[in-house]
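Undergrad: What follows is the file target09.csv, containing CSV, C-alpha atoms and all ligand atoms:
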chain,number,residue,atom,x,y,z
A,1,MET,CA,0.0,0.0,0.0
A,2,GLU,CA,2.8,2.4,1.1
A,3,CYS,CA,4.7,1.5,-2.0
A,4,GLY,CA,1.6,2.3,-4.1
A,5,VAL,CA,1.3,5.7,-2.5
A,6,HIS,CA,5.0,6.4,-3.2
A,7,LYS,CA,4.5,5.3,-6.8
A,8,VAL,CA,1.6,7.7,-7.2
A,9,ILE,CA,3.7,10.6,-5.7
A,10,THR,CA,6.6,9.7,-8.0
A,11,ASP,CA,4.3,9.7,-10.9
A,12,CYS,CA,2.9,13.1,-9.8
A,13,LYS,CA,6.4,14.5,-9.6
A,14,ASP,CA,7.3,13.2,-13.0
A,15,PHE,CA,4.0,14.4,-14.4
A,16,PHE,CA,4.6,17.9,-12.9
A,17,LEU,CA,8.2,18.1,-14.2
A,18,GLU,CA,7.4,17.0,-17.7
A,19,ASN,CA,4.6,19.5,-17.9
A,20,GLU,CA,6.9,22.3,-16.9
A,21,ILE,CA,9.4,21.1,-19.5
A,22,TRP,CA,6.7,21.3,-22.2
A,23,ILE,CA,5.8,24.8,-21.1
A,24,LEU,CA,9.4,25.8,-21.5
A,25,SER,CA,9.9,23.9,-24.7
A,26,PHE,CA,6.9,25.7,-26.3
A,27,LEU,CA,8.1,29.0,-25.0
A,28,GLY,CA,11.6,28.4,-26.5
A,29,GLY,CA,10.2,27.0,-29.7
A,30,PHE,CA,7.3,29.3,-30.6
A,31,GLN,CA,8.1,32.6,-28.9
A,32,ARG,CA,8.9,35.2,-31.5
A,33,ALA,CA,8.6,32.6,-34.3
A,34,HIS,CA,5.2,33.9,-35.5
A,35,ILE,CA,4.0,30.5,-36.5
A,36,TYR,CA,0.3,31.1,-36.5
A,37,LYS,CA,-1.8,32.5,-39.3
A,38,ASN,CA,-4.8,32.5,-37.1
A,39,MET,CA,-5.3,31.5,-33.4
A,40,ASP,CA,-8.1,29.0,-33.9
A,41,LEU,CA,-7.2,25.5,-32.7
A,42,ARG,CA,-4.0,26.8,-31.2
A,43,GLU,CA,-4.3,24.7,-28.0
A,44,GLU,CA,-5.4,21.6,-30.0
A,45,PHE,CA,-2.4,22.0,-32.2
A,46,LYS,CA,0.0,22.3,-29.3
A,47,ASN,CA,-1.5,19.3,-27.6
A,48,SER,CA,-1.3,17.1,-30.8
A,49,LEU,CA,2.3,18.3,-31.5
A,50,LYS,CA,3.3,17.4,-27.9
A,51,GLN,CA,1.8,13.9,-28.3
A,52,GLU,CA,3.5,13.3,-31.7
A,53,ILE,CA,7.0,14.3,-30.3
A,54,ARG,CA,6.4,12.4,-27.1
A,55,LYS,CA,5.5,9.3,-29.0
A,56,ILE,CA,8.7,9.4,-31.1
A,57,VAL,CA,10.9,10.1,-28.1
A,58,LEU,CA,9.4,7.3,-26.0
A,59,SER,CA,9.9,4.7,-28.8
A,60,ASN,CA,13.4,5.9,-30.0
A,61,TYR,CA,15.3,8.1,-27.5
A,62,VAL,CA,14.8,6.6,-24.1
A,63,ASN,CA,17.0,3.5,-24.3
A,64,THR,CA,19.3,4.2,-27.3
A,65,ARG,CA,21.5,6.9,-28.7
A,66,VAL,CA,19.7,8.1,-31.8
A,67,SER,CA,21.9,8.7,-34.9
A,68,THR,CA,21.9,11.9,-36.9
A,69,LYS,CA,20.2,10.2,-39.8
A,70,GLN,CA,17.3,8.9,-37.7
A,71,HIS,CA,17.0,12.3,-35.9
A,72,ILE,CA,16.7,14.1,-39.2
A,73,GLU,CA,14.0,11.6,-40.3
A,74,ASN,CA,12.1,12.3,-37.1
A,75,LEU,CA,12.3,16.1,-37.6
A,76,GLU,CA,11.1,15.6,-41.2
A,77,TYR,CA,8.3,13.5,-39.9
A,78,ILE,CA,7.1,16.3,-37.6
A,79,ILE,CA,7.3,18.9,-40.5
A,80,ALA,CA,5.3,16.5,-42.7
A,81,TRP,CA,2.8,15.9,-39.9
A,82,SER,CA,2.3,19.7,-39.4
A,83,THR,CA,1.1,20.0,-43.1
A,84,SER,CA,-1.8,17.7,-42.4
A,85,SER,CA,-5.4,19.0,-41.9
A,86,PRO,CA,-6.7,20.8,-40.0
A,87,PHE,CA,-3.6,22.3,-38.5
A,88,ASN,CA,-2.0,23.4,-41.8
A,89,SER,CA,-4.8,26.0,-42.1
A,90,ILE,CA,-3.7,27.8,-38.9
A,91,LEU,CA,0.1,27.8,-39.6
A,92,ARG,CA,1.9,30.5,-41.6
A,93,GLY,CA,3.1,28.8,-44.9
A,94,GLY,CA,0.8,25.8,-44.0
A,95,LYS,CA,3.5,24.0,-42.0
A,96,LEU,CA,6.1,24.3,-39.2
A,97,ARG,CA,9.5,25.5,-40.4
A,98,TRP,CA,12.8,23.6,-40.0
A,99,GLY,CA,14.1,26.2,-37.6
A,100,VAL,CA,11.1,25.9,-35.3
A,101,VAL,CA,10.8,22.1,-35.4
A,102,GLN,CA,14.5,21.7,-34.6
A,103,LYS,CA,14.2,24.2,-31.7
A,104,ILE,CA,11.3,22.7,-29.9
A,105,PHE,CA,12.3,19.0,-30.5
A,106,ASN,CA,16.0,19.5,-29.6
A,107,LEU,CA,15.0,21.7,-26.6
A,108,TYR,CA,12.6,19.0,-25.3
A,109,LEU,CA,15.4,16.4,-25.7
A,110,LYS,CA,17.9,18.7,-23.9
A,111,TYR,CA,15.6,19.0,-20.9
A,112,LEU,CA,15.0,15.2,-20.8
A,113,TRP,CA,18.8,14.6,-21.0
A,114,CYS,CA,19.6,17.1,-18.3
A,115,TRP,CA,16.9,15.5,-16.1
A,116,GLY,CA,18.6,12.1,-16.7
A,117,ARG,CA,15.6,10.6,-18.5
A,118,ILE,CA,17.4,9.9,-21.9
A,119,PRO,CA,21.0,9.3,-23.0
A,120,SER,CA,22.8,12.2,-24.8
A,121,PRO,CA,20.6,13.4,-27.7
A,122,PRO,CA,22.3,13.6,-31.2
A,123,HIS,CA,22.0,17.4,-31.6
A,124,CYS,CA,21.4,20.6,-29.6
A,125,PRO,CA,18.8,23.4,-29.9
A,126,PHE,CA,20.0,26.1,-32.2
A,127,ASP,CA,18.9,29.6,-31.2
A,128,SER,CA,20.2,33.0,-32.2
A,129,PHE,CA,22.9,33.0,-29.5
A,130,ILE,CA,24.3,29.6,-30.4
A,131,LEU,CA,24.1,30.5,-34.2
A,132,ASN,CA,25.9,33.7,-33.5
A,133,HIS,CA,28.5,31.9,-31.6
A,134,LEU,CA,29.0,29.5,-34.5
A,135,GLY,CA,29.4,32.5,-36.9
A,136,PHE,CA,25.9,32.2,-38.7
A,137,ASN,CA,23.8,35.3,-39.3
A,138,SER,CA,20.7,33.4,-40.2
A,139,LYS,CA,17.5,33.6,-38.1
A,140,TRP,CA,16.4,30.2,-36.7
A,141,THR,CA,12.8,31.4,-36.7
A,142,ARG,CA,12.8,31.8,-40.5
A,143,MET,CA,15.1,29.0,-41.5
A,144,ASN,CA,13.4,26.3,-43.6
A,145,SER,CA,16.1,24.2,-45.2
A,146,LYS,CA,17.4,20.7,-44.3
A,147,ALA,CA,20.7,21.5,-45.9
A,148,GLU,CA,21.1,24.6,-43.8
A,149,TYR,CA,20.2,22.7,-40.6
A,150,LEU,CA,22.9,20.1,-41.5
A,151,GLU,CA,25.4,22.9,-41.9
A,152,TRP,CA,24.6,24.1,-38.4
A,153,VAL,CA,25.0,20.6,-37.0
A,154,GLU,CA,28.3,20.1,-38.8
A,155,THR,CA,29.8,23.4,-37.5
A,156,ALA,CA,28.6,22.7,-34.0
A,157,ALA,CA,30.2,19.2,-34.1
A,158,SER,CA,33.5,20.7,-35.2
A,159,HIS,CA,33.4,23.3,-32.3
A,160,ALA,CA,32.5,20.5,-29.8
A,161,GLN,CA,35.2,18.2,-31.1
A,162,LYS,CA,37.9,20.8,-30.5
A,163,LYS,CA,36.8,20.9,-26.9
A,164,GLY,CA,36.5,17.1,-26.6
A,165,LEU,CA,32.8,17.4,-26.0
A,166,SER,CA,29.6,16.0,-27.6
A,167,VAL,CA,27.4,18.6,-29.3
A,168,PRO,CA,24.9,18.7,-26.4
A,169,GLU,CA,27.7,19.1,-23.9
A,170,TRP,CA,29.3,21.8,-25.9
A,171,GLU,CA,26.0,23.7,-26.3
A,172,LEU,CA,25.2,23.4,-22.6
A,173,SER,CA,28.6,24.9,-21.6
A,174,VAL,CA,28.4,27.8,-24.0
A,175,TYR,CA,24.8,28.5,-23.1
A,176,GLU,CA,25.4,28.5,-19.3
A,177,LYS,CA,28.4,30.8,-19.8
A,178,ASN,CA,26.2,33.1,-21.7
A,179,ARG,CA,23.5,33.1,-19.1
A,180,ILE,CA,26.1,34.5,-16.6
A,181,LEU,CA,27.5,36.9,-19.1
A,182,THR,CA,24.1,38.3,-20.2
A,183,GLN,CA,23.4,39.5,-16.6
A,184,THR,CA,27.0,40.8,-16.3
A,185,GLU,CA,26.9,42.5,-19.6
A,186,PHE,CA,23.6,44.2,-18.7
A,187,ASN,CA,25.1,45.5,-15.5
A,188,CYS,CA,28.2,46.7,-17.2
A,189,LEU,CA,26.4,48.3,-20.2
A,190,SER,CA,24.3,50.4,-17.9
A,191,ILE,CA,27.5,51.7,-16.2
A,192,GLY,CA,28.9,52.3,-19.7
A,193,ASP,CA,25.9,54.5,-20.5
A,194,ASP,CA,26.4,56.4,-17.3
A,195,PHE,CA,30.1,56.8,-18.1
A,196,ILE,CA,29.3,58.6,-21.3
A,197,ASP,CA,26.7,60.8,-19.7
A,198,PHE,CA,29.4,61.9,-17.2
A,199,PHE,CA,31.4,63.4,-20.1
A,200,VAL,CA,28.3,64.8,-21.7
A,201,LEU,CA,27.2,66.5,-18.5
A,202,GLN,CA,30.5,67.4,-17.0
A,203,ALA,CA,32.8,68.1,-19.9
A,204,GLY,CA,30.7,69.4,-22.8
A,205,PHE,CA,30.8,66.3,-25.0
A,206,GLN,CA,27.8,65.3,-27.1
A,207,LYS,CA,25.8,62.1,-26.6
A,208,LYS,CA,26.5,59.2,-28.9
A,209,ASN,CA,25.8,55.5,-28.4
A,210,PHE,CA,28.9,53.5,-27.8
A,211,PRO,CA,30.1,51.0,-30.5
A,212,GLU,CA,29.3,47.3,-30.9
A,213,ILE,CA,30.6,45.1,-28.1
A,214,ILE,CA,31.7,41.6,-28.9
A,215,LEU,CA,32.3,38.9,-26.3
A,216,SER,CA,35.1,36.7,-27.6
A,217,PHE,CA,35.7,33.2,-26.5
A,218,GLU,CA,38.9,32.9,-28.6
A,219,LYS,CA,42.4,33.0,-27.1
A,220,PRO,CA,43.3,36.7,-26.7
A,221,PRO,CA,46.0,37.8,-29.1
A,222,LEU,CA,48.4,39.0,-26.4
A,223,LEU,CA,47.7,36.4,-23.8
A,224,HIS,CA,51.4,35.5,-23.8
A,225,LYS,CA,52.3,38.9,-22.4
A,226,ALA,CA,50.5,38.1,-19.2
A,227,GLU,CA,51.4,34.4,-18.9
A,228,PRO,CA,52.7,32.6,-17.0
A,229,TYR,CA,52.8,34.7,-13.8
A,230,TRP,CA,49.9,37.1,-14.3
A,231,GLU,CA,51.7,39.9,-12.6
A,232,SER,CA,52.1,42.3,-15.4
A,233,ILE,CA,48.8,42.3,-17.3
A,234,PRO,CA,48.0,44.8,-20.1
A,235,ILE,CA,44.2,45.2,-20.5
A,236,ASP,CA,44.4,45.6,-24.3
A,237,GLY,CA,44.9,42.4,-26.2
A,238,VAL,CA,44.5,40.2,-23.1
A,239,LEU,CA,41.3,41.3,-21.4
A,240,GLY,CA,39.8,43.5,-24.0
A,241,GLN,CA,40.5,45.6,-27.0
A,242,TYR,CA,39.2,48.8,-28.6
A,243,ASP,CA,39.3,48.3,-32.4
A,244,SER,CA,39.7,51.9,-33.7
A,245,ILE,CA,39.5,50.8,-37.3
A,246,TYR,CA,36.3,48.8,-37.2
A,247,GLN,CA,34.8,50.8,-34.3
A,248,ARG,CA,34.1,48.0,-31.9
A,249,ILE,CA,35.0,46.7,-28.5
A,250,ILE,CA,36.1,43.2,-27.9
A,251,ILE,CA,36.0,41.6,-24.4
A,252,TYR,CA,38.2,38.5,-24.1
A,253,ILE,CA,36.3,36.1,-21.8
A,254,VAL,CA,39.2,33.6,-21.8
A,255,GLY,CA,41.7,36.3,-20.6
A,256,ILE,CA,39.3,37.5,-17.9
A,257,ASP,CA,38.8,33.9,-16.8
A,258,CYS,CA,42.6,33.2,-16.6
A,259,LEU,CA,43.1,36.4,-14.5
A,260,LEU,CA,40.2,35.3,-12.2
A,261,GLN,CA,41.9,31.9,-11.7
A,262,ARG,CA,45.1,33.6,-10.6
A,263,TRP,CA,43.8,36.6,-8.7
A,264,ASN,CA,40.7,36.8,-6.7
A,265,PHE,CA,38.6,39.4,-8.5
A,266,ASP,CA,34.8,39.7,-8.7
A,267,PHE,CA,33.9,38.7,-12.3
A,268,THR,CA,31.3,41.4,-12.9
A,269,ASP,CA,33.5,44.2,-11.5
A,270,LEU,CA,36.5,43.1,-13.5
A,271,MET,CA,34.4,42.9,-16.7
A,272,CYS,CA,33.0,46.4,-16.0
A,273,ILE,CA,36.5,47.8,-15.5
A,274,VAL,CA,37.7,46.3,-18.8
A,275,LEU,CA,34.6,47.6,-20.6
A,276,LEU,CA,35.0,51.1,-19.1
A,277,HIS,CA,38.7,51.1,-20.1
A,278,GLU,CA,37.8,50.2,-23.7
A,279,ILE,CA,34.9,52.7,-23.8
A,280,ALA,CA,37.4,55.3,-22.5
A,281,HIS,CA,39.6,54.6,-25.6
A,282,TRP,CA,36.5,55.1,-27.8
A,283,ILE,CA,35.6,58.3,-25.9
A,284,THR,CA,39.1,59.8,-26.6
A,285,HIS,CA,38.9,58.8,-30.2
A,286,LYS,CA,35.3,59.4,-31.2
A,287,LEU,CA,32.9,61.0,-28.7
A,288,PRO,CA,31.8,64.3,-30.4
A,289,HIS,CA,32.7,67.6,-28.9
A,290,LEU,CA,31.7,71.1,-30.3
A,291,SER,CA,35.2,72.4,-30.3
A,292,ALA,CA,37.0,69.2,-31.3
A,293,GLN,CA,36.9,67.0,-34.3
A,294,GLU,CA,37.2,63.3,-33.9
A,295,TRP,CA,40.8,62.2,-33.4
A,296,PRO,CA,41.8,61.5,-37.1
A,297,LEU,CA,42.4,57.7,-37.4
A,298,ASP,CA,46.1,57.9,-38.6
A,299,ASP,CA,47.0,60.3,-35.8
A,300,TYR,CA,45.1,58.2,-33.3
A,301,LEU,CA,46.8,55.0,-34.4
A,302,PHE,CA,50.3,56.4,-34.4
A,303,THR,CA,50.1,58.2,-31.1
A,304,VAL,CA,52.3,56.5,-28.4
A,305,SER,CA,50.6,54.0,-26.2
A,306,GLU,CA,51.5,55.9,-23.0
A,307,VAL,CA,49.2,58.7,-24.1
A,308,HIS,CA,46.4,56.4,-25.0
A,309,GLU,CA,46.6,54.4,-21.8
A,310,GLY,CA,47.3,57.5,-19.7
A,311,LEU,CA,44.1,59.1,-21.0
A,312,ALA,CA,42.0,56.0,-20.8
A,313,GLN,CA,43.1,55.2,-17.3
A,314,ILE,CA,42.7,58.7,-15.9
A,315,ILE,CA,39.2,59.2,-17.3
A,316,VAL,CA,38.1,55.9,-15.9
A,317,TYR,CA,39.7,56.9,-12.6
A,318,LEU,CA,38.0,60.4,-12.6
A,319,TYR,CA,34.6,58.8,-13.3
A,320,LEU,CA,34.9,56.3,-10.5
A,321,GLN,CA,36.1,59.0,-8.1
A,322,TYR,CA,33.1,61.1,-9.1
A,323,LYS,CA,30.6,58.3,-8.9
A,324,GLY,CA,32.0,56.8,-5.7
A,325,ILE,CA,31.3,53.2,-6.7
A,326,SER,CA,33.6,51.7,-4.1
A,327,SER,CA,33.7,48.0,-5.3
A,328,LEU,CA,34.7,49.2,-8.8
A,329,ARG,CA,37.2,51.7,-7.4
A,330,ARG,CA,38.8,48.8,-5.5
A,331,THR,CA,38.9,46.6,-8.6
A,332,PHE,CA,40.4,49.4,-10.7
A,333,LYS,CA,43.1,50.1,-8.1
A,334,ARG,CA,44.0,46.4,-7.7
A,335,LEU,CA,44.1,45.8,-11.4
A,336,THR,CA,46.3,48.8,-12.0
A,337,GLN,CA,48.8,47.5,-9.5
A,338,LEU,CA,49.1,44.4,-11.7
A,339,GLN,CA,49.6,46.4,-14.9
A,340,PRO,CA,52.6,47.6,-16.9
A,341,THR,CA,53.9,51.2,-16.6
A,342,ALA,CA,51.7,52.7,-19.4
A,343,TYR,CA,48.6,51.9,-17.4
A,344,ASN,CA,50.0,53.5,-14.2
A,345,ILE,CA,51.0,56.9,-15.7
A,346,TYR,CA,47.8,58.5,-14.4
A,347,ASN,CA,48.9,57.5,-10.9
A,348,LYS,CA,52.4,59.0,-11.0
A,349,ASN,CA,53.4,62.1,-9.2
A,350,LEU,CA,53.5,64.1,-12.5
A,351,PHE,CA,49.8,64.3,-12.4
A,352,GLY,CA,49.6,65.5,-8.8
A,353,ASN,CA,46.5,65.3,-6.7
A,354,LEU,CA,45.1,68.6,-8.0
A,355,ILE,CA,45.1,67.5,-11.7
A,356,LYS,CA,43.7,64.1,-10.8
A,357,LYS,CA,40.6,65.8,-9.5
A,358,ASN,CA,40.4,68.3,-12.3
A,359,HIS,CA,38.8,66.5,-15.2
A,360,VAL,CA,38.2,69.7,-17.2
A,361,LYS,CA,42.0,70.2,-17.6
A,362,ILE,CA,42.4,66.6,-18.7
A,363,MET,CA,39.5,66.8,-21.2
A,364,ASN,CA,40.8,70.1,-22.5
A,365,SER,CA,44.1,68.5,-23.2
A,366,LEU,CA,42.3,65.7,-25.1
A,367,ILE,CA,40.6,68.3,-27.3
A,368,THR,CA,43.9,70.0,-28.0
A,369,LEU,CA,45.4,66.6,-28.9
A,370,ARG,CA,42.6,65.8,-31.3
A,371,ASN,CA,42.9,69.2,-33.0
A,372,LYS,CA,46.7,69.0,-33.5
A,373,ARG,CA,46.4,67.0,-36.7
A,374,LYS,CA,49.5,64.9,-36.0
A,375,SER,CA,50.3,61.8,-34.0
A,376,ILE,CA,51.7,62.4,-30.6
A,377,SER,CA,55.1,60.8,-30.3
A,378,SER,CA,55.9,61.3,-26.6
A,379,LEU,CA,54.2,61.4,-23.3
A,380,ASN,CA,55.6,64.8,-22.5
A,381,GLU,CA,53.9,66.3,-25.5
A,382,TRP,CA,50.6,65.5,-23.8
A,383,LEU,CA,51.7,66.3,-20.3
A,384,SER,CA,52.8,69.8,-21.3
A,385,LEU,CA,49.2,70.6,-22.3
A,386,ILE,CA,47.8,69.8,-18.9
B,401,ZN,ZN,44.0,50.5,-23.2
Translate this file's structure into structure tokens.

TA:
Amino acid sequence: MECGVHKVITDCKDFFLENEIWILSFLGGFQRAHIYKNMDLREEFKNSLKQEIRKIVLSNYVNTRVSTKQHIENLEYIIAWSTSSPFNSILRGGKLRWGVVQKIFNLYLKYLWCWGRIPSPPHCPFDSFILNHLGFNSKWTRMNSKAEYLEWVETAASHAQKKGLSVPEWELSVYEKNRILTQTEFNCLSIGDDFIDFFVLQAGFQKKNFPEIILSFEKPPLLHKAEPYWESIPIDGVLGQYDSIYQRIIIYIVGIDCLLQRWNFDFTDLMCIVLLHEIAHWITHKLPHLSAQEWPLDDYLFTVSEVHEGLAQIIVYLYLQYKGISSLRRTFKRLTQLQPTAYNIYNKNLFGNLIKKNHVKIMNSLITLRNKRKSISSLNEWLSLI
């Protein structure tokens, strides 16, 4: 009897969880995909689709690892099923698209796999984040080609193989990293906005949205400059980069991760400091000002790095002083102590305490540098303007 009660409870738990999984799978598969032409029979359609997929999964995926060939046949079966009456009349284009079917089917399998109900599925769900990560520009919601889907799978398999992972394991690791990053990025971007407002309100600059920010998972180009001791760490090329030619900011997650393993920083604070530093480079180069042109690209590129780093560091420092965000100030100070000389110029005696607090003088010197129409070849050339 007791056993029977437990069995019922176990069944209820399973029933509850599977129901939740379906809610999430439909959310992930149908949200923003605009699949319906009209909303009649919508619930009936969802229920029938659920039964069709469930039937296939129960008979194929529970005890065996399904091959790519068989999985593709199953996806094709669902697409063909969706063309049947009466559901074809409520769907845009009379059927479900490849992109939508792969998303809902693969997402349902991902949940069952993570729940421990099935062995590793053959593929992973492809959404805009994963596609972007793989270098595809296409929209999964509109995609309707078996050949294109196979191309996605092949590319994901080669990424996974490089990491020694299966496709679902690879997707899970990338996706989870992104979940943490999205929140972090959001926090950092709102500070970035405020950072620009500071120059608009306090130093007469004009508002402009900052450039594209790319999170890179590749090995940073100058990682070797920080390895193996992580005691002299340039920001640029290791943790981030302002690309003045293509007008974008790159954040190197691998570099940030390596630094975190060596030194105990808060991930979000460190990422914000790197982002502020790169936005500061962009401000010096591009932020519009009524009495200064943008820094001409050639002059900007050939100006000595001490001037670039000195300017970027001091304006981040001034902003953090002004805003009084203590955790970021601490992170900035600690990171600076681990950085090469160029990043510490702002902190040397030659600035003096008075200048450090006087952002107007610093920003006026920037305006003069921009208007000079030549590259600056020595640090003193800038310092003499302050
Ligand atoms: Zn820099």

Undergrad: So which residues touch Tyr317 in chain A within 9 Å, counting only C-alpha atoms, skipping near sequence neighbours fewer than 5 positions away, as a ChimeraX atom specification?

TA: /A:312,322,329,332-333,346,356

Undergrad: Could you list the protein, DNA and RNA residues that have any atom within 6 Å of ligand ZN 401 (chain B), counting all atoms listed in the file, and write them as number ranges by chain?

TA: A: 235-236, 309

Undergrad: Can you write out the residues you just picked, keeping C-alpha atoms, as a PDB file, keeping the file's coordinate frame?

TA:
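Wrote result12.pdb, looks like this:
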ATOM      1  CA  ILE A 235      44.200  45.200 -20.500  1.00  0.00           C
ATOM      2  CA  ASP A 236      44.400  45.600 -24.300  1.00  0.00           C
ATOM      3  CA  GLU A 309      46.600  54.400 -21.800  1.00  0.00           C
TER       4      GLU A 309
END

Undergrad: Fewer than 4 positions away in the same chain doesn't count, so skip those; otherwise give me all residues within 10 Å of Val238 in chain A, counting all atoms listed in the file, as a PyMOL selection string.

TA: chain A and resi 219-227+233-234+251-256+258-259

Undergrad: Using only C-alpha atoms, which residues sit within 12 Å of Leu107 in chain A once same-chain residues fewer than 5 positions away are excluded, as a list in words?

TA: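 The contact residues come out as Ile21, Trp22, Ile23, Leu24, Ser25, Phe26, Leu27, Gly28, Gly29, Phe30, Ile53, Gly99, Val100, Val101, Gln102, Leu112, Trp113, Cys114, Pro121, Pro122, His123, Cys124, Pro125, Phe126, Asp127, Pro168, Glu171 and Leu172 of chain A.
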
Undergrad: Pick the closest to Tyr77 in chain A from A:Glu169, A:Thr64, A:Leu96, A:Ile90: which is it, counting only C-alpha atoms?

TA: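 Checking each candidate against Tyr77 in chain A, we get A:Leu96 as the closest.
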
Undergrad: From the options A:Gln339, A:Gln206, A:Ser67, A:Thr182, which residue's atoms come nearest to Ile283 in chain A, counting all atoms listed in the file?

TA: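 Looking only at the distances to Ile283 in chain A, the closest residue turns out to be A:Gln206.
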
Undergrad: Show which residues sit within 8 Å of Arg248 in chain A, as a list in words. Count only C-alpha atoms, and ignore same-chain residues fewer than 3 positions away.

TA: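 Counting only the stated atoms, we get Pro211, Glu212, Ile213, Ile214, Tyr242, Asp243 and Ser244 of chain A.
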
Undergrad: Rounded to one decimal place, report the CA of Leu109 in chain A-CA of Arg92 in chain A distance in Å.

TA: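 It comes out at 25.2 Å.
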
Undergrad: Restricting the calculation to all atoms listed in the file: of A:Ala280, A:Leu297, A:Val57, A:Ile191, which residue gets closest to Pro119 in chain A?

TA: A:Val57

Undergrad: List the spatial neighbours of Asn209 in chain A as number ranges by chain - criterion: any atom at most 12 Å away, only C-alpha atoms, same-chain residues fewer than 6 positions off excluded.

TA: A: 189-190, 192-197, 200, 247-248, 279, 282-283, 286-288

Undergrad: Could range 151-163 of chain A be completed with N, CA and C atoms and returned as a CSV table (one decimal), keeping the file's coordinate frame?

TA:
chain,number,residue,atom,x,y,z
A,151,GLU,N,24.2,22.0,-42.0
A,151,GLU,CA,25.4,22.9,-41.9
A,151,GLU,C,25.6,23.3,-40.5
A,152,TRP,N,24.5,23.7,-39.8
A,152,TRP,CA,24.6,24.1,-38.4
A,152,TRP,C,25.2,23.0,-37.6
A,153,VAL,N,24.6,21.8,-37.8
A,153,VAL,CA,25.0,20.6,-37.0
A,153,VAL,C,26.5,20.3,-37.2
A,154,GLU,N,26.9,20.4,-38.5
A,154,GLU,CA,28.3,20.1,-38.8
A,154,GLU,C,29.3,21.1,-38.1
A,155,THR,N,28.9,22.3,-38.2
A,155,THR,CA,29.8,23.4,-37.5
A,155,THR,C,29.8,23.2,-36.0
A,156,ALA,N,28.6,22.9,-35.4
A,156,ALA,CA,28.6,22.7,-34.0
A,156,ALA,C,29.5,21.5,-33.6
A,157,ALA,N,29.4,20.5,-34.4
A,157,ALA,CA,30.2,19.2,-34.1
A,157,ALA,C,31.7,19.5,-34.2
A,158,SER,N,32.1,20.4,-35.1
A,158,SER,CA,33.5,20.7,-35.2
A,158,SER,C,34.0,21.5,-34.0
A,159,HIS,N,33.1,22.5,-33.5
A,159,HIS,CA,33.4,23.3,-32.3
A,159,HIS,C,33.5,22.3,-31.1
A,160,ALA,N,32.5,21.4,-31.0
A,160,ALA,CA,32.5,20.5,-29.8
A,160,ALA,C,33.7,19.6,-29.8
A,161,GLN,N,34.1,19.1,-31.0
A,161,GLN,CA,35.2,18.2,-31.1
A,161,GLN,C,36.5,18.8,-30.6
A,162,LYS,N,36.7,20.1,-31.0
A,162,LYS,CA,37.9,20.8,-30.5
A,162,LYS,C,38.0,20.9,-29.0
A,163,LYS,N,36.8,20.9,-28.4
A,163,LYS,CA,36.8,20.9,-26.9
A,163,LYS,C,36.7,19.5,-26.3
